[in-house]
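K.L.:
So here's run02.txt, just compact mmCIF, C-alpha atoms:
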# COMPACT_ATOMS: atom_id res chain seq x y z
CA MET C 5 -29.65 -8.33 0.94
CA THR C 6 -29.04 -6.50 4.23
CA GLN C 7 -27.19 -3.23 4.62
CA GLU C 8 -24.26 -5.18 6.10
CA GLN C 9 -24.13 -7.29 2.96
CA ARG C 10 -24.22 -4.25 0.69
CA TRP C 11 -21.75 -1.99 2.42
CA GLN C 12 -18.69 -3.14 0.50
CA LEU C 13 -20.15 -1.78 -2.73
CA ASP C 14 -21.18 1.63 -1.38
CA GLY C 15 -18.54 3.68 -3.21
CA THR C 16 -15.76 3.27 -5.71
CA ALA C 17 -12.86 0.94 -5.00
CA ALA C 18 -10.69 3.98 -4.21
CA GLU C 19 -13.28 5.36 -1.77
CA LEU C 20 -13.61 2.00 -0.05
CA TYR C 21 -9.84 1.67 0.10
CA GLN C 22 -9.56 5.03 1.86
CA ARG C 23 -12.53 4.42 4.15
CA TYR C 24 -11.59 0.96 5.36
CA LEU C 25 -8.17 -0.32 4.29
CA VAL C 26 -6.23 2.84 5.04
CA PRO C 27 -7.28 2.96 8.73
CA ALA C 28 -6.88 -0.79 9.18
CA ILE C 29 -3.60 -1.32 7.34
CA THR C 30 -1.78 1.42 5.46
CA ALA C 31 -2.08 4.21 8.06
CA GLN C 32 0.02 2.12 10.45
CA TRP C 33 2.75 1.66 7.87
CA ALA C 34 2.56 5.32 6.85
CA ALA C 35 3.09 6.54 10.41
CA ASP C 36 6.04 4.19 10.82
CA LEU C 37 7.61 5.24 7.52
CA ILE C 38 7.29 8.95 8.23
CA GLU C 39 8.73 8.50 11.71
CA ARG C 40 11.77 6.74 10.25
CA ALA C 41 12.14 9.20 7.36
CA ALA C 42 11.97 12.14 9.80
CA PRO C 43 10.99 14.93 7.39
CA GLN C 44 12.16 18.34 8.53
CA THR C 45 10.56 21.77 8.43
CA GLY C 46 10.95 23.41 5.05
CA GLU C 47 11.90 20.26 3.15
CA ARG C 48 10.58 19.33 -0.28
CA ILE C 49 9.02 15.87 -0.29
CA LEU C 50 7.78 13.63 -3.10
CA ASP C 51 5.56 10.64 -2.32
CA VAL C 52 5.44 8.25 -5.29
CA ALA C 53 2.65 5.70 -5.69
CA CYS C 54 0.83 7.92 -3.19
CA GLY C 55 -2.59 6.28 -3.54
CA THR C 56 -5.14 8.28 -1.57
CA GLY C 57 -2.34 10.22 0.11
CA VAL C 58 -1.91 8.92 3.63
CA VAL C 59 1.89 9.29 3.60
CA ALA C 60 1.80 12.70 1.90
CA ARG C 61 -0.66 14.08 4.45
CA LEU C 62 1.44 12.85 7.38
CA ALA C 63 4.53 14.38 5.80
CA ALA C 64 2.78 17.73 5.35
CA GLU C 65 1.70 17.75 8.98
CA ARG C 66 5.25 16.98 10.05
CA ILE C 67 7.10 19.66 8.06
CA ARG C 68 4.64 22.55 8.58
CA THR C 69 6.36 24.57 5.84
CA GLY C 70 7.96 23.36 2.62
CA ARG C 71 6.55 21.40 -0.31
CA VAL C 72 4.78 18.05 -0.49
CA VAL C 73 3.93 16.36 -3.79
CA GLY C 74 1.90 13.17 -4.19
CA LEU C 75 2.20 11.24 -7.46
CA ASP C 76 0.20 8.26 -8.68
CA LEU C 77 -0.97 6.67 -11.93
CA ASN C 78 -4.45 5.91 -10.61
CA THR C 79 -6.98 8.63 -11.40
CA GLY C 80 -9.51 7.28 -8.91
CA MET C 81 -7.03 7.22 -6.04
CA LEU C 82 -5.94 10.79 -6.81
CA ALA C 83 -9.55 11.96 -6.94
CA VAL C 84 -10.03 10.70 -3.39
CA ALA C 85 -6.70 12.22 -2.31
CA ARG C 86 -7.74 15.63 -3.64
CA SER C 87 -11.10 15.41 -1.87
CA LEU C 88 -9.55 15.03 1.58
CA PRO C 89 -8.30 17.92 3.73
CA SER C 90 -4.53 18.33 3.84
CA GLY C 91 -4.54 19.26 7.51
CA ALA C 92 -1.64 21.19 8.98
CA GLY C 93 1.30 22.19 6.82
CA PRO C 94 1.58 23.12 3.16
CA ASP C 95 -1.13 22.33 0.65
CA ILE C 96 -0.28 19.05 -1.07
CA GLU C 97 0.23 19.08 -4.83
CA TRP C 98 -1.31 16.02 -6.50
CA PHE C 99 0.12 14.83 -9.82
CA GLU C 100 -1.04 12.04 -12.08
CA GLY C 101 2.14 10.55 -13.48
CA ASN C 102 4.53 7.65 -13.88
CA VAL C 103 7.44 7.08 -11.55
CA LEU C 104 9.37 5.67 -14.52
CA ASP C 105 9.37 9.14 -16.11
CA LEU C 106 9.09 11.78 -13.42
CA SER C 107 8.18 15.23 -14.71
CA PHE C 108 10.44 17.05 -12.24
CA GLU C 109 13.83 18.68 -12.68
CA ASP C 110 17.00 17.11 -11.36
CA ARG C 111 17.71 17.68 -7.67
CA THR C 112 14.22 18.93 -6.83
CA PHE C 113 13.42 17.03 -3.59
CA ASP C 114 15.05 16.48 -0.21
CA LEU C 115 13.08 13.31 0.53
CA VAL C 116 11.24 10.76 -1.62
CA THR C 117 8.90 8.25 -0.01
CA CYS C 118 7.32 5.15 -1.51
CA GLN C 119 5.04 3.09 0.67
CA LEU C 120 4.24 -0.47 -0.45
CA GLY C 121 4.58 0.44 -4.12
CA LEU C 122 8.00 -0.57 -5.46
CA GLN C 123 6.95 -4.21 -5.86
CA PHE C 124 4.32 -3.19 -8.42
CA PHE C 125 6.57 -1.10 -10.67
CA PRO C 126 7.23 -2.80 -14.02
CA ASP C 127 10.85 -1.57 -13.98
CA ARG C 128 12.07 -1.16 -10.42
CA ALA C 129 15.56 -0.13 -11.42
CA LYS C 130 14.26 2.62 -13.70
CA ALA C 131 11.92 3.90 -10.99
CA LEU C 132 14.79 4.11 -8.52
CA GLN C 133 16.97 5.83 -11.11
CA GLU C 134 14.29 8.49 -11.54
CA ILE C 135 13.97 8.88 -7.78
CA HIS C 136 17.75 9.19 -7.51
CA ARG C 137 17.71 11.86 -10.25
CA VAL C 138 15.15 14.12 -8.57
CA LEU C 139 16.79 13.94 -5.13
CA VAL C 140 19.29 16.56 -4.05
CA PRO C 141 22.81 15.34 -3.20
CA ASN C 142 22.60 13.44 0.08
CA GLY C 143 18.80 13.50 -0.25
CA ARG C 144 16.88 10.68 1.38
CA LEU C 145 14.82 7.75 0.18
CA ALA C 146 12.34 5.98 2.49
CA LEU C 147 10.40 3.02 1.12
CA SER C 148 8.61 -0.09 2.26
CA VAL C 149 7.56 -3.35 0.61
CA TYR C 150 5.82 -6.40 2.00
CA SER C 151 8.05 -9.36 2.86
CA ALA C 152 7.23 -12.98 1.96
CA ILE C 153 3.52 -13.77 2.00
CA GLU C 154 4.19 -16.55 4.51
CA ARG C 155 5.18 -13.84 6.99
CA THR C 156 1.63 -12.41 6.86
CA PRO C 157 -0.54 -15.45 7.69
CA VAL C 158 -3.88 -13.88 6.80
CA ALA C 159 -2.61 -12.85 3.35
CA GLN C 160 -1.36 -16.35 2.61
CA ALA C 161 -4.61 -17.86 3.83
CA LEU C 162 -6.62 -15.48 1.64
CA ALA C 163 -4.49 -16.24 -1.42
CA ASN C 164 -4.98 -19.97 -0.96
CA ALA C 165 -8.74 -19.53 -0.46
CA LEU C 166 -9.02 -17.41 -3.61
CA ASP C 167 -7.36 -20.13 -5.67
CA GLN C 168 -9.57 -22.76 -4.08
CA HIS C 169 -12.89 -21.04 -4.72
CA LEU C 170 -12.28 -18.79 -7.74
CA GLY C 171 -9.89 -20.97 -9.70
CA PRO C 172 -6.12 -21.45 -10.07
CA GLY C 173 -4.40 -18.10 -10.44
CA ALA C 174 -7.13 -16.09 -8.73
CA SER C 175 -4.59 -15.08 -6.09
CA VAL C 176 -2.10 -13.54 -8.55
CA ILE C 177 -2.94 -9.97 -7.53
CA LYS C 178 -2.77 -10.76 -3.81
CA ARG C 179 0.52 -12.61 -4.15
CA SER C 180 1.99 -9.79 -6.25
CA GLU C 181 1.90 -7.59 -3.15
CA HIS C 182 4.71 -9.78 -1.84
CA SER C 183 6.72 -10.09 -5.07
CA LEU C 184 9.77 -8.20 -3.76
CA SER C 185 10.21 -10.34 -0.68
CA ASP C 186 13.93 -11.19 -0.98
CA PRO C 187 15.75 -8.66 1.23
CA ASN C 188 19.03 -9.21 -0.61
CA ALA C 189 17.42 -8.50 -3.98
CA LEU C 190 15.70 -5.43 -2.54
CA GLU C 191 18.91 -4.06 -1.08
CA ARG C 192 20.79 -4.80 -4.31
CA VAL C 193 18.35 -3.00 -6.61
CA VAL C 194 18.47 0.10 -4.40
CA ARG C 195 22.27 0.14 -4.13
CA ASP C 196 22.72 -0.52 -7.85
CA GLN C 197 20.98 2.78 -8.67
CA GLY C 198 23.56 4.77 -6.72
CA PHE C 199 22.07 4.95 -3.23
CA HIS C 200 24.30 4.62 -0.17
CA ASP C 201 24.05 4.59 3.64
CA LEU C 202 21.35 1.97 3.18
CA SER C 203 19.55 0.30 6.04
CA LEU C 204 16.93 -2.43 5.72
CA GLN C 205 14.77 -3.56 8.61
CA ALA C 206 11.97 -6.10 8.87
CA VAL C 207 9.05 -4.50 10.70
CA ILE C 208 5.94 -6.28 11.98
CA MET C 209 2.58 -4.62 12.54
CA THR C 210 -0.72 -6.12 13.65
CA ILE C 211 -3.70 -5.61 11.36
CA ARG C 212 -7.24 -5.83 12.73
CA PHE C 213 -10.69 -6.13 11.18
CA ASP C 214 -14.03 -6.34 12.93
CA SER C 215 -14.59 -9.80 11.46
CA PRO C 216 -12.95 -12.23 9.01
CA ARG C 217 -15.80 -11.60 6.57
CA ASP C 218 -15.11 -7.87 6.62
CA TYR C 219 -11.49 -8.57 5.74
CA VAL C 220 -12.40 -10.80 2.81
CA ARG C 221 -15.13 -8.47 1.59
CA LEU C 222 -12.81 -5.46 1.63
CA GLN C 223 -9.90 -7.24 0.05
CA ILE C 224 -12.14 -8.08 -2.87
CA ALA C 225 -14.18 -4.86 -3.10
CA ALA C 226 -11.52 -2.20 -2.46
CA THR C 227 -8.63 -3.57 -4.54
CA PRO C 228 -8.09 -4.69 -8.15
CA MET C 229 -9.34 -8.10 -7.01
CA ALA C 230 -12.86 -6.72 -7.52
CA ASP C 231 -12.54 -8.01 -11.09
CA LEU C 232 -12.72 -11.54 -9.69
CA VAL C 233 -16.40 -11.11 -8.76
CA ASN C 234 -17.55 -8.53 -11.29
CA GLY C 235 -20.52 -9.87 -13.22
CA MET C 236 -21.67 -12.15 -10.40
CA SER C 237 -25.13 -11.69 -8.98
CA SER C 238 -25.18 -10.22 -5.49
CA GLU C 239 -26.38 -13.57 -4.13
CA LYS C 240 -23.56 -15.52 -5.74
CA ARG C 241 -21.01 -12.96 -4.61
CA GLU C 242 -22.15 -13.31 -1.01
CA VAL C 243 -21.92 -17.11 -1.24
CA VAL C 244 -18.38 -16.84 -2.63
CA ILE C 245 -17.36 -14.43 0.13
CA ASP C 246 -18.75 -16.84 2.73
CA ARG C 247 -16.82 -19.75 1.24
CA ILE C 248 -13.57 -17.83 1.02
CA THR C 249 -13.99 -16.61 4.60
CA THR C 250 -14.55 -20.15 5.88
CA ALA C 251 -11.54 -21.47 3.97
CA LEU C 252 -9.37 -18.59 5.22
CA MET C 253 -10.28 -19.17 8.85
CA THR C 254 -9.91 -22.94 8.55
CA SER C 255 -6.39 -22.33 7.25
CA LEU C 256 -5.70 -20.12 10.27
CA GLY C 257 -7.18 -22.75 12.60
CA GLN C 258 -10.05 -20.53 13.69
CA SER C 259 -13.81 -20.34 13.30
CA ALA C 260 -15.30 -18.02 10.67
CA GLY C 261 -17.52 -16.57 13.40
CA SER C 262 -14.72 -15.99 15.89
CA GLY C 263 -15.09 -12.20 16.06
CA GLU C 264 -12.26 -9.74 15.40
CA LEU C 265 -9.61 -10.84 12.94
CA CYS C 266 -6.01 -10.07 13.90
CA SER C 267 -2.86 -10.98 12.02
CA PRO C 268 0.79 -10.02 12.06
CA GLN C 269 1.93 -8.34 8.87
CA GLU C 270 5.58 -7.92 7.96
CA ALA C 271 7.28 -5.45 5.64
CA PHE C 272 10.82 -4.39 4.85
CA VAL C 273 11.57 -0.72 5.43
CA VAL C 274 14.52 0.74 3.54
CA LEU C 275 16.23 4.05 4.23
CA ALA C 276 19.01 5.31 1.96
CA ARG C 277 20.75 8.44 0.70
CA ARG C 278 21.52 9.71 -2.78
Mind turning this structure into structure tokens?
P.N.:
Amino acid sequence: MTQEQRWQLDGTAAELYQRYLVPAITAQWAADLIERAAPQTGERILDVACGTGVVARLAAERIRTGRVVGLDLNTGMLAVARSLPSGAGPDIEWFEGNVLDLSFEDRTFDLVTCQLGLQFFPDRAKALQEIHRVLVPNGRLALSVYSAIERTPVAQALANALDQHLGPGASVIKRSEHSLSDPNALERVVRDQGFHDLSLQAVIMTIRFDSPRDYVRLQIAATPMADLVNGMSSEKREVVIDRITTALMTSLGQSAGSGELCSPQEAFVVLARR
């Protein structure tokens, strides 16, 4: 197996996520979310479901002084977050914890951010209640979730290819990224927890990967979908990746060897106040 064929396994899933998926996908959304949230110097900011910390680091750079806290359940993601330099601004505090039971006093933060995480919470209402509790009066919430999978063609094509080549239901994890895709339901669950001055906007970014195969390889290696190929020999895994890539590109009406992969990706961005 060549180095190119091995590269997706060189590191933990969290390390691969930070190395490849953050620059290609989540950094774009993080920059957009922070720009809209407009954190101010001296503010106290909590980033829930922080992952490897891309939003928290941008927030710290923006405020220069104040407090930034990143919270996540995933030990591996937090280990990567702690290993990276904070850059300008205050040192970021990293907490392993559950958004459904935040270990912070009432009215602790001026701004809470949550990038592409709310859809995964087992109790969205409870999570938003906890966020509401730790915000100061008139404090701000800034969150994003992916819209319908059909609005991100490459994600839909990948989900279909996973089901085709790894069995019915193989795409459950991928489709779950888009499980809060009804804007009315999203707005309702936020308002019902006491938030006001709510705005919801559909935002489209363009994601790019060097090749379709890189996209497929990373989606499998750097996410919980790695379980789909665990236990396979390296040779079988490469064959499966090839087949999924071909099916994905056929669905998009392109050749698997067509060079850079580009796709629009849509998310809803919500801003609200306590």
K.L.:
Given the point (-6.6, -13.0, -3.6) in the file's coordinates, find the residues that have an atom at most 10 Å from it, counting all atoms listed in the file, and give them as a PyMOL selection string.
P.N.:
chain C and resi 159-167+170+173-180+220+223-224+227-230+232+248
K.L.:
For Val138 in chain C, which of C:Pro268, C:Val58, C:Thr156, C:Arg278 is the closest residue, counting only C-alpha atoms?
P.N.:
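The closest residue to Val138 in chain C is C:Arg278.
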K.L.:
Given all atoms listed in the file as the basis, pick out the residue of C:Lys240, C:Arg195, C:Arg66, C:His182 nearest to Leu145 in chain C.
P.N.:
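Comparing C:Lys240, C:Arg195, C:Arg66, C:His182 against Leu145 in chain C, the winner is C:Arg195.
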K.L.:
Give one line per residue of range 212-271 of chain C that approaches range 23-32 of chain C to at most 10 Å, naming the two atoms of the closest pair and their distance in Å to one decimal, counting only C-alpha atoms; sort by chain then ascending residue number and deliver it as JSON lines.
P.N.:
{"residue": "C:Arg212", "atom": "CA", "partner": "C:Ala28", "partner_atom": "CA", "distance": 6.2}
{"residue": "C:Phe213", "atom": "CA", "partner": "C:Ala28", "partner_atom": "CA", "distance": 6.9}
{"residue": "C:Asp214", "atom": "CA", "partner": "C:Ala28", "partner_atom": "CA", "distance": 9.8}
{"residue": "C:Asp218", "atom": "CA", "partner": "C:Tyr24", "partner_atom": "CA", "distance": 9.6}
{"residue": "C:Tyr219", "atom": "CA", "partner": "C:Leu25", "partner_atom": "CA", "distance": 9.0}
{"residue": "C:Leu222", "atom": "CA", "partner": "C:Leu25", "partner_atom": "CA", "distance": 7.4}
{"residue": "C:Gln223", "atom": "CA", "partner": "C:Leu25", "partner_atom": "CA", "distance": 8.3}
{"residue": "C:Ala226", "atom": "CA", "partner": "C:Leu25", "partner_atom": "CA", "distance": 7.8}
{"residue": "C:Thr227", "atom": "CA", "partner": "C:Leu25", "partner_atom": "CA", "distance": 9.4}
{"residue": "C:Gln269", "atom": "CA", "partner": "C:Ile29", "partner_atom": "CA", "distance": 9.1}
K.L.:
Set the distance at 9 Å and use only C-alpha atoms: which residues neighbour Leu122 in chain C once local chain neighbours fewer than 4 positions away are removed? I'd like the list as a ChimeraX atom specification.
P.N.:
/C:53,118,126,128,131-132,147-149,184
K.L.:
How far is it from CA of Asp110 in chain C to CA of Gln205 in chain C, in Å with one decimal?
P.N.:
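Here the two named atoms are 28.8 Å from each other.
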K.L.:
Which one is closest to Leu106 in chain C: C:Glu134, C:Arg86, C:Met81, C:Gln119? Count all atoms listed in the file.
P.N.:
C:Glu134
K.L.:
Which residue out of C:Asp95, C:Glu181, C:Asp51, C:Glu154 has the minimum interatomic distance to Thr117 in chain C when only C-alpha atoms are used?
P.N.:
C:Asp51
K.L.:
So the first atom is CA of Thr79 in chain C and the second is CA of Phe108 in chain C; what is the distance between them in Å, to one decimal place?
P.N.:
19.4 Å
